[in-house]
Amino acid sequence: MTDSNPQSIPGPHIVGLFGTREQAEQALETLLSQDFTSDSISTVSAAGKPINFPTAGEERFDTGVRDAAIGATVGGVAGLLIFGPLLLLTGVIVGGIVGVLTALGATRSNAEYLTEQVHSGNYLVIVHTSSREADATATLENAGASEVHRIAR
């Protein structure tokens, strides 16, 4: 699907910051119901706070099941759970989620801010889209995102 280079994930990227797991899960469900593919969505949360990532077939994938595998591959970024296309980038995540977000196009200060928010218990839902930015933004806002950011190179 994509290689281990964050720049290979098509963008721009719309990032929603959610205060609760339920809000993040609702955003995922709504995005999928609006024909965003699971391959175009990533989630990031603090360790121990998995997000149920529904699939097109209405099955749910609990990211908590992957805690051990993610923890082993993330290494220096222990404390984060990552799912979606960004999970494939675990080889570059050694530098932290700040490095991944900046590689996607975030400014260093924005990436540090978002990472701090995740470490504080918030959830990120990231939509990788080149053609449906407005739809992604509206969906994240309507699902209760406290903030929505556009990240682009």
# chains A, B, ... in the order shown; residues from 1 in each chain; ligands from 1
$ residues_around --residues "stretch 24-33 of chain A" --least-positions-apart "5" --cutoff "9 Å" --atoms "only C-alpha atoms" --output "NGL selection string"
:A and (16-19 or 38 or 41 or 43 or 51-56 or 123-125 or 127 or 135-136 or 139-145)
$ residues_around --residues "A:Thr102" --least-positions-apart "6" --cutoff "10 Å" --atoms "only C-alpha atoms" --output "list in words"
Pro6, Gln7, Arg108, Ser109, Asn110, Ala111, Glu112, Ile151, Ala152 and Arg153 of chain A
$ atom_distance --atom1 "atom CA of A:Val98" --atom2 "atom CA of A:Gln34"
29.1 Å
$ closest_residue --among "A:Val148, A:Ala134, A:Phe36, A:Ser42" --to "A:Val100" --atoms "only C-alpha atoms"
A:Ser42
$ closest_residue --among "A:Lys49, A:Ser130, A:His149, A:Thr137" --to "A:Thr20" --atoms "only C-alpha atoms"
A:Lys49
$ select_by_dssp --residues "stretch 23-54 of chain A" --states "helix (DSSP H, G or I)" --output "PyMOL selection string"
chain A and resi 23-33+38-40
$ write_last_selection --atoms "N, CA and C atoms" --output "PDB file, in the first residue's frame"
ATOM      1  N   GLN A  23     -15.719  10.078  20.822  1.00  0.00           N
ATOM      2  CA  GLN A  23     -15.760  11.056  19.736  1.00  0.00           C
ATOM      3  C   GLN A  23     -14.873  10.621  18.575  1.00  0.00           C
ATOM      4  N   ALA A  24     -13.684  10.134  18.897  1.00  0.00           N
ATOM      5  CA  ALA A  24     -12.766   9.686  17.845  1.00  0.00           C
ATOM      6  C   ALA A  24     -13.363   8.508  17.084  1.00  0.00           C
ATOM      7  N   GLU A  25     -13.968   7.571  17.808  1.00  0.00           N
ATOM      8  CA  GLU A  25     -14.584   6.423  17.160  1.00  0.00           C
ATOM      9  C   GLU A  25     -15.763   6.843  16.294  1.00  0.00           C
ATOM     10  N   GLN A  26     -16.547   7.808  16.766  1.00  0.00           N
ATOM     11  CA  GLN A  26     -17.669   8.311  15.964  1.00  0.00           C
ATOM     12  C   GLN A  26     -17.150   8.951  14.682  1.00  0.00           C
ATOM     13  N   ALA A  27     -16.063   9.687  14.781  1.00  0.00           N
ATOM     14  CA  ALA A  27     -15.467  10.285  13.586  1.00  0.00           C
ATOM     15  C   ALA A  27     -15.043   9.206  12.602  1.00  0.00           C
ATOM     16  N   LEU A  28     -14.418   8.138  13.101  1.00  0.00           N
ATOM     17  CA  LEU A  28     -14.000   7.039  12.225  1.00  0.00           C
ATOM     18  C   LEU A  28     -15.203   6.409  11.537  1.00  0.00           C
ATOM     19  N   GLU A  29     -16.235   6.125  12.301  1.00  0.00           N
ATOM     20  CA  GLU A  29     -17.433   5.503  11.720  1.00  0.00           C
ATOM     21  C   GLU A  29     -18.065   6.396  10.665  1.00  0.00           C
ATOM     22  N   THR A  30     -18.149   7.682  10.947  1.00  0.00           N
ATOM     23  CA  THR A  30     -18.755   8.608   9.991  1.00  0.00           C
ATOM     24  C   THR A  30     -17.909   8.729   8.730  1.00  0.00           C
ATOM     25  N   LEU A  31     -16.596   8.829   8.899  1.00  0.00           N
ATOM     26  CA  LEU A  31     -15.714   8.903   7.730  1.00  0.00           C
ATOM     27  C   LEU A  31     -15.891   7.677   6.838  1.00  0.00           C
ATOM     28  N   LEU A  32     -15.920   6.502   7.445  1.00  0.00           N
ATOM     29  CA  LEU A  32     -16.076   5.277   6.662  1.00  0.00           C
ATOM     30  C   LEU A  32     -17.444   5.212   5.986  1.00  0.00           C
ATOM     31  N   SER A  33     -18.472   5.718   6.669  1.00  0.00           N
ATOM     32  CA  SER A  33     -19.810   5.708   6.061  1.00  0.00           C
ATOM     33  C   SER A  33     -19.900   6.689   4.901  1.00  0.00           C
ATOM     34  N   SER A  38     -10.442   2.953   4.895  1.00  0.00           N
ATOM     35  CA  SER A  38      -9.615   2.806   6.090  1.00  0.00           C
ATOM     36  C   SER A  38      -8.147   3.074   5.769  1.00  0.00           C
ATOM     37  N   ASP A  39      -7.759   2.892   4.502  1.00  0.00           N
ATOM     38  CA  ASP A  39      -6.389   3.189   4.074  1.00  0.00           C
ATOM     39  C   ASP A  39      -6.097   4.683   4.045  1.00  0.00           C
ATOM     40  N   SER A  40      -7.131   5.520   4.175  1.00  0.00           N
ATOM     41  CA  SER A  40      -6.918   6.965   4.133  1.00  0.00           C
ATOM     42  C   SER A  40      -7.059   7.607   5.510  1.00  0.00           C
TER      43      SER A  40
END
$ residues_around --residues "A:Thr129" --least-positions-apart "5" --cutoff "7 Å" --atoms "only C-alpha atoms" --output "list of chain:residue names"
A:Pro10, A:Gly11, A:Pro12, A:His13, A:Ser40
$ residues_around --residues "A:Val118" --least-positions-apart "4" --cutoff "7 Å" --atoms "only C-alpha atoms" --output "ChimeraX atom specification"
/A:45-46,114,122-123
$ write_last_selection --atoms "N, CA and C atoms" --output "PDB file, in the first residue's frame"
ATOM      1  N   SER A  45      -3.136   7.682  19.600  1.00  0.00           N
ATOM      2  CA  SER A  45      -3.623   7.904  20.955  1.00  0.00           C
ATOM      3  C   SER A  45      -2.540   7.514  21.942  1.00  0.00           C
ATOM      4  N   ALA A  46      -2.763   7.878  23.192  1.00  0.00           N
ATOM      5  CA  ALA A  46      -1.818   7.505  24.233  1.00  0.00           C
ATOM      6  C   ALA A  46      -1.939   6.014  24.504  1.00  0.00           C
ATOM      7  N   LEU A 114       0.547  18.997  18.820  1.00  0.00           N
ATOM      8  CA  LEU A 114      -0.342  17.848  18.651  1.00  0.00           C
ATOM      9  C   LEU A 114       0.156  16.640  19.441  1.00  0.00           C
ATOM     10  N   ASN A 122      -5.545  13.108  24.709  1.00  0.00           N
ATOM     11  CA  ASN A 122      -6.411  13.346  23.562  1.00  0.00           C
ATOM     12  C   ASN A 122      -6.120  12.343  22.451  1.00  0.00           C
ATOM     13  N   TYR A 123      -6.979  12.306  21.466  1.00  0.00           N
ATOM     14  CA  TYR A 123      -6.878  11.388  20.338  1.00  0.00           C
ATOM     15  C   TYR A 123      -6.771  12.180  19.045  1.00  0.00           C
TER      16      TYR A 123
END
$ atom_distance --atom1 "atom CA of A:Thr115" --atom2 "atom CA of A:Ser131"
26.1 Å
